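Below: work36.csv (CSV, C-alpha atoms)
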```csv
chain,number,residue,atom,x,y,z
Y,248,GLN,CA,11.5,3.5,12.5
Y,249,GLN,CA,9.2,0.8,11.3
Y,250,GLN,CA,5.7,1.6,12.6
Y,251,VAL,CA,4.1,-1.7,11.5
Y,252,LYS,CA,6.0,-4.9,11.8
Y,253,GLN,CA,4.9,-7.9,9.7
Y,254,SER,CA,5.8,-11.5,9.8
Y,255,PRO,CA,6.7,-13.9,8.3
Y,256,GLN,CA,8.4,-12.6,5.2
Y,257,SER,CA,7.3,-15.6,3.3
Y,258,LEU,CA,4.9,-18.5,3.9
Y,259,ILE,CA,4.3,-21.8,2.2
Y,260,VAL,CA,1.0,-23.5,2.8
Y,261,GLN,CA,-0.6,-26.6,1.4
Y,262,LYS,CA,-4.0,-26.3,-0.4
Y,263,GLY,CA,-6.7,-26.5,2.2
Y,264,GLY,CA,-4.5,-25.3,5.0
Y,265,ILE,CA,-4.7,-22.2,7.1
Y,266,SER,CA,-2.4,-19.3,6.4
Y,267,ILE,CA,-1.7,-16.9,9.2
Y,268,ILE,CA,0.1,-13.6,8.8
Y,269,ASN,CA,0.9,-11.4,11.8
Y,270,CYS,CA,1.4,-7.7,12.3
Y,271,ALA,CA,2.3,-5.6,15.3
Y,272,TYR,CA,2.2,-1.8,15.8
Y,273,GLU,CA,3.5,0.7,18.4
Y,274,ASN,CA,1.4,3.8,17.8
Y,275,THR,CA,-1.7,3.6,19.9
Y,276,ALA,CA,-3.3,6.4,17.9
Y,277,PHE,CA,-3.7,3.9,15.0
Y,278,ASP,CA,-7.4,3.0,14.6
Y,279,TYR,CA,-7.8,1.6,11.2
Y,280,PHE,CA,-6.1,-1.6,10.1
Y,281,PRO,CA,-6.5,-2.8,6.5
Y,282,TRP,CA,-5.0,-5.8,4.7
Y,283,TYR,CA,-4.1,-5.6,1.1
Y,284,GLN,CA,-3.5,-8.3,-1.4
Y,285,GLN,CA,-1.1,-7.9,-4.4
Y,286,PHE,CA,-0.7,-10.2,-7.3
Y,287,PRO,CA,2.5,-10.0,-9.5
Y,288,GLY,CA,2.5,-7.1,-11.8
Y,289,LYS,CA,-0.6,-5.5,-10.2
Y,290,GLY,CA,-1.2,-2.9,-7.6
Y,291,PRO,CA,-2.3,-3.8,-4.1
Y,292,ALA,CA,-6.1,-4.2,-3.6
Y,293,LEU,CA,-8.0,-3.9,-0.3
Y,294,LEU,CA,-8.9,-7.3,1.1
Y,295,ILE,CA,-10.4,-6.7,4.5
Y,296,ALA,CA,-10.1,-4.0,7.2
Y,297,ILE,CA,-10.9,-3.7,10.9
Y,298,ARG,CA,-11.2,-1.0,13.6
Y,299,PRO,CA,-10.2,-1.5,17.2
Y,300,ASP,CA,-13.8,-1.6,18.5
Y,301,VAL,CA,-14.1,-5.2,17.4
Y,302,SER,CA,-11.8,-8.2,18.0
Y,303,GLU,CA,-12.6,-10.1,14.9
Y,304,LYS,CA,-13.9,-9.5,11.4
Y,305,LYS,CA,-14.7,-12.2,8.9
Y,306,GLU,CA,-15.3,-12.0,5.1
Y,307,GLY,CA,-15.6,-15.4,3.5
Y,308,ARG,CA,-12.4,-17.3,4.0
Y,309,PHE,CA,-10.5,-14.2,5.3
Y,310,THR,CA,-10.6,-13.2,9.0
Y,311,ILE,CA,-8.8,-10.4,10.8
Y,312,SER,CA,-8.1,-11.0,14.5
Y,313,PHE,CA,-7.3,-7.9,16.5
Y,314,ASN,CA,-5.7,-7.7,20.0
Y,315,LYS,CA,-5.7,-4.1,21.2
Y,316,SER,CA,-3.9,-4.7,24.4
Y,317,ALA,CA,-1.1,-6.5,22.7
Y,318,LYS,CA,-1.1,-4.1,19.7
Y,319,GLN,CA,-1.3,-7.0,17.3
Y,320,PHE,CA,-3.5,-8.0,14.5
Y,321,SER,CA,-3.4,-11.0,12.2
Y,322,LEU,CA,-4.9,-12.3,8.9
Y,323,HIS,CA,-6.2,-15.8,8.7
Y,324,ILE,CA,-6.9,-17.4,5.4
Y,325,MET,CA,-9.0,-20.6,5.9
Y,326,ASP,CA,-9.0,-23.4,3.3
Y,327,SER,CA,-6.1,-21.7,1.4
Y,328,GLN,CA,-6.2,-22.1,-2.3
Y,329,PRO,CA,-3.5,-21.8,-5.0
Y,330,GLY,CA,-5.3,-18.6,-6.2
Y,331,ASP,CA,-4.5,-17.0,-2.9
Y,332,SER,CA,-0.8,-17.1,-3.7
Y,333,ALA,CA,0.1,-13.4,-3.6
Y,334,THR,CA,1.9,-10.9,-1.4
Y,335,TYR,CA,-0.1,-9.6,1.6
Y,336,PHE,CA,0.4,-6.3,3.3
Y,337,CYS,CA,-0.9,-5.1,6.6
Y,338,ALA,CA,-1.3,-1.4,7.2
Y,339,ALA,CA,-2.4,1.1,9.8
Y,340,SER,CA,-3.6,4.7,9.9
Y,341,MET,CA,-4.9,7.2,12.5
Y,342,ASP,CA,-8.4,8.6,12.8
Y,343,GLY,CA,-8.9,11.5,10.4
Y,344,SER,CA,-5.8,10.7,8.4
Y,345,GLU,CA,-5.8,9.0,5.1
Y,346,LYS,CA,-2.1,8.3,5.4
Y,347,LEU,CA,-1.4,4.6,5.5
Y,348,VAL,CA,1.7,3.0,7.0
Y,349,PHE,CA,2.4,-0.4,5.5
Y,350,GLY,CA,4.2,-3.5,6.7
Y,351,LYS,CA,6.9,-5.0,4.6
Y,352,GLY,CA,4.7,-7.7,3.2
Y,353,THR,CA,4.4,-11.5,3.3
Y,354,LYS,CA,4.7,-13.6,0.1
Y,355,LEU,CA,2.2,-16.4,0.4
Y,356,THR,CA,2.6,-19.5,-1.7
Y,357,VAL,CA,-0.2,-22.1,-1.6
Y,358,ASN,CA,0.9,-25.4,-3.1
Y,359,PRO,CA,-1.7,-27.6,-4.9
X,119,ASN,CA,-14.8,4.0,-14.8
X,120,ALA,CA,-11.1,3.6,-15.1
X,121,GLY,CA,-10.1,4.0,-11.4
X,122,VAL,CA,-6.5,5.1,-11.1
X,123,THR,CA,-4.4,5.3,-14.3
X,124,GLN,CA,-0.7,5.4,-14.2
X,125,THR,CA,1.6,6.1,-17.2
X,126,PRO,CA,4.0,5.0,-18.4
X,127,LYS,CA,4.1,1.3,-17.3
X,128,PHE,CA,7.8,1.0,-17.9
X,129,GLN,CA,10.6,3.5,-18.1
X,130,VAL,CA,14.4,3.4,-18.3
X,131,LEU,CA,16.2,6.6,-17.5
X,132,LYS,CA,19.9,7.5,-17.4
X,133,THR,CA,21.4,8.9,-14.3
X,134,GLY,CA,20.7,12.7,-14.1
X,135,GLN,CA,17.7,12.7,-16.4
X,136,SER,CA,14.4,14.0,-15.2
X,137,MET,CA,10.9,12.7,-15.9
X,138,THR,CA,7.3,12.9,-14.7
X,139,LEU,CA,5.2,9.9,-13.7
X,140,GLN,CA,1.6,10.5,-14.4
X,141,CYS,CA,-1.4,9.6,-12.2
X,142,ALA,CA,-5.0,10.3,-12.8
X,143,GLN,CA,-8.2,9.1,-11.1
X,144,ASP,CA,-11.8,9.5,-12.1
X,145,MET,CA,-13.5,8.7,-8.8
X,146,ASN,CA,-13.4,12.3,-7.4
X,147,HIS,CA,-11.2,11.1,-4.5
X,148,GLU,CA,-9.8,13.9,-2.3
X,149,TYR,CA,-6.7,11.9,-1.2
X,150,MET,CA,-4.0,10.8,-3.5
X,151,SER,CA,-0.5,9.4,-2.7
X,152,TRP,CA,2.6,8.0,-4.3
X,153,TYR,CA,4.4,5.0,-2.9
X,154,ARG,CA,7.5,3.2,-4.0
X,155,GLN,CA,7.8,-0.6,-3.6
X,156,ASP,CA,11.2,-2.2,-3.3
X,157,PRO,CA,11.9,-5.9,-2.5
X,158,GLY,CA,11.7,-6.5,1.2
X,159,MET,CA,10.8,-2.9,2.0
X,160,GLY,CA,7.1,-2.9,1.5
X,161,LEU,CA,5.4,0.2,0.3
X,162,ARG,CA,6.9,3.5,1.4
X,163,LEU,CA,5.1,6.8,1.1
X,164,ILE,CA,6.8,9.4,-1.0
X,165,HIS,CA,4.3,12.3,-1.1
X,166,TYR,CA,0.6,12.7,-0.6
X,167,SER,CA,-2.2,15.2,-1.2
X,168,VAL,CA,-5.4,15.8,0.7
X,169,GLY,CA,-6.9,17.9,-2.0
X,170,ALA,CA,-6.2,20.2,-4.9
X,171,GLY,CA,-3.4,22.7,-4.0
X,172,ILE,CA,-2.4,20.7,-0.9
X,173,THR,CA,0.6,18.4,-0.8
X,174,ASP,CA,2.9,17.1,1.9
X,175,GLN,CA,5.9,14.8,2.3
X,176,GLY,CA,5.8,11.2,3.2
X,177,GLU,CA,8.5,8.9,4.5
X,178,VAL,CA,10.9,9.1,1.5
X,179,PRO,CA,10.4,12.4,-0.3
X,180,ASN,CA,14.0,13.3,-1.3
X,181,GLY,CA,14.6,13.6,-5.0
X,182,TYR,CA,10.8,13.8,-5.8
X,183,ASN,CA,8.4,16.7,-6.4
X,184,VAL,CA,4.7,16.7,-6.6
X,185,SER,CA,1.9,19.2,-7.3
X,186,ARG,CA,-1.9,18.9,-7.3
X,187,SER,CA,-3.6,21.5,-9.5
X,188,THR,CA,-6.7,19.4,-10.1
X,189,THR,CA,-8.6,16.8,-8.1
X,190,GLU,CA,-8.0,14.2,-10.8
X,191,ASP,CA,-4.2,14.5,-11.4
X,192,PHE,CA,-1.2,14.0,-9.1
X,193,PRO,CA,2.0,13.8,-11.1
X,194,LEU,CA,5.3,12.7,-9.5
X,195,ARG,CA,8.5,14.4,-10.8
X,196,LEU,CA,12.0,13.0,-10.6
X,197,LEU,CA,14.3,15.9,-10.6
X,198,SER,CA,17.6,14.2,-11.4
X,199,ALA,CA,17.3,10.4,-11.5
X,200,ALA,CA,19.6,8.3,-9.5
X,201,PRO,CA,20.1,4.5,-9.5
X,202,SER,CA,18.7,4.4,-6.0
X,203,GLN,CA,15.3,5.5,-7.5
X,204,THR,CA,15.0,2.3,-9.4
X,205,SER,CA,11.8,0.9,-8.1
X,206,VAL,CA,8.1,0.2,-8.8
X,207,TYR,CA,6.0,3.3,-8.2
X,208,PHE,CA,2.4,3.2,-7.2
X,209,CYS,CA,-0.2,5.9,-7.2
X,210,ALA,CA,-3.2,5.5,-4.9
X,211,SER,CA,-6.4,7.4,-4.1
X,212,SER,CA,-9.0,7.2,-1.5
X,213,TYR,CA,-12.1,8.9,-0.1
X,214,ARG,CA,-12.0,9.1,3.7
X,215,GLN,CA,-11.0,5.4,4.2
X,216,VAL,CA,-14.3,4.4,2.7
X,217,GLY,CA,-13.5,1.4,0.6
X,218,GLY,CA,-9.8,1.7,1.2
X,219,TYR,CA,-7.2,2.8,-1.2
X,220,THR,CA,-7.5,2.2,-5.0
X,221,PHE,CA,-4.1,1.6,-6.4
X,222,GLY,CA,-2.9,2.1,-10.0
X,223,SER,CA,-1.1,-0.8,-11.8
X,224,GLY,CA,2.3,0.8,-11.2
X,225,THR,CA,5.2,2.2,-13.1
X,226,ARG,CA,8.4,0.1,-13.2
X,227,LEU,CA,11.3,2.6,-13.3
X,228,THR,CA,14.9,1.6,-14.0
X,229,VAL,CA,17.7,4.2,-13.6
X,230,VAL,CA,21.0,3.2,-15.2
```
Rewrite the coordinates I just gave you, this time as structure tokens.
Amino acid sequence: QQQVKQSPQSLIVQKGGISIINCAYENTAFDYFPWYQQFPGKGPALLIAIRPDVSEKKEGRFTISFNKSAKQFSLHIMDSQPGDSATYFCAASMDGSEKLVFGKGTKLTVNP
Amino acid sequence: NAGVTQTPKFQVLKTGQSMTLQCAQDMNHEYMSWYRQDPGMGLRLIHYSVGAGITDQGEVPNGYNVSRSTTEDFPLRLLSAAPSQTSVYFCASSYRQVGGYTFGSGTRLTVV
């Protein structure tokens, strides 16, 4: 049973465009939702994270939008750059637990 | 400050062989975990530990053993390697979700 569903599997965006990656979850006990960025040959690295008490969190060109009622959250990358080309994973965990459940990942390609 | 160190980076095993993947962190993190990453499958949790002497199973524990005798080290043992265990293995550590997970650079394992 996949607890966090991520879409799309792959995404191609032109430089300067907006990249949008979506995730949905079923377990209402989840209360921590991070996004990780992974470059080829490297381990994932934390990009940005949100908790359900806010609907949006922005850090530079990266924004998480959170819809608690729909049990969905998304990553928006504004002004996408070729250097943003990577695989992005959404994840979720429950309060008091360090155990993260990951989505299957989205491979983003930003064309110059 | 090395973060999370995984060794070896690459390994080829024959079916039936055993081996230990090493993981060490120098951040005094309580929580450590092992994930495997397969194409299209995302990151799946194998085993995790919330502190020295405490381990538990994740989503895909079969064929793997772990132990946590110190805060710093969390080795993953393959008991009898099978081709289905061909994967990239990541070790990660964290401290109460503060700053998210820190991942190692991975071990690429091929079982022939």
Quiz item: If we count all atoms listed in the file, which residues of chain X reach to within 6 Å of chain Y? Please list them as a list in words.
Solution: Met159, Gly160, Phe221, Gly222 and Ser223 of chain X
Practice problem: Calculate how many Å separate atom CA of Gln328 of chain Y from atom CA of Lys305 of chain Y, rounding to one decimal. | Solution: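 It comes out at 17.2 Å.
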Practice problem: Pick out the closest residue to Asp144 of chain X from this set: X:Tyr207, X:Phe192, X:Tyr182, X:Tyr166. Count only C-alpha atoms. | Solution: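 Ranked by minimum distance to Asp144 of chain X, first place goes to X:Phe192.
Restricting the calculation to all atoms listed in the file, the smallest distance between Ala339 of chain Y and any of X:Ala170, X:Gly218, X:Met145, X:Gln155 is found for X:Gly218.
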Self-check item: Non-local contacts of Thr125 of chain X (8 Å; all atoms listed in the file; under 5 positions in same chain excluded) as a list in words
Solution: Leu139, Gln140, Cys141 and Thr225 of chain X
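Closest approach to Ser185 of chain X among X:Thr138, X:Ala120, X:Asp156, X:Thr228 is made by X:Thr138 (distances from all atoms listed in the file).
Interatomic distance, atom CA of Phe320 of chain Y against atom CA of Val122 of chain X: 28.9 Å.
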Exercise. Find the spatial neighbours of Ser266 of chain Y, counting all atoms listed in the file, within a cut-off of 9 Å - ignore same-chain residues fewer than 6 positions away - and output them as a ChimeraX atom specification.
Key: /Y:258-260,322-327,355,357
Self-check item: Residues near Gly181 of chain X, cut-off 10 Å, all atoms listed in the file, skip fewer than 5 positions along chain, as a ChimeraX atom specification
Solution: /X:164,195-200,203
Quiz item: Can you list, as a ChimeraX atom specification, every protein, DNA or RNA residue that comes within 8 Å of Val130 of chain X when you count all atoms listed in the file, leaving out same-chain residues fewer than 6 positions away?
Solution: /X:227-230
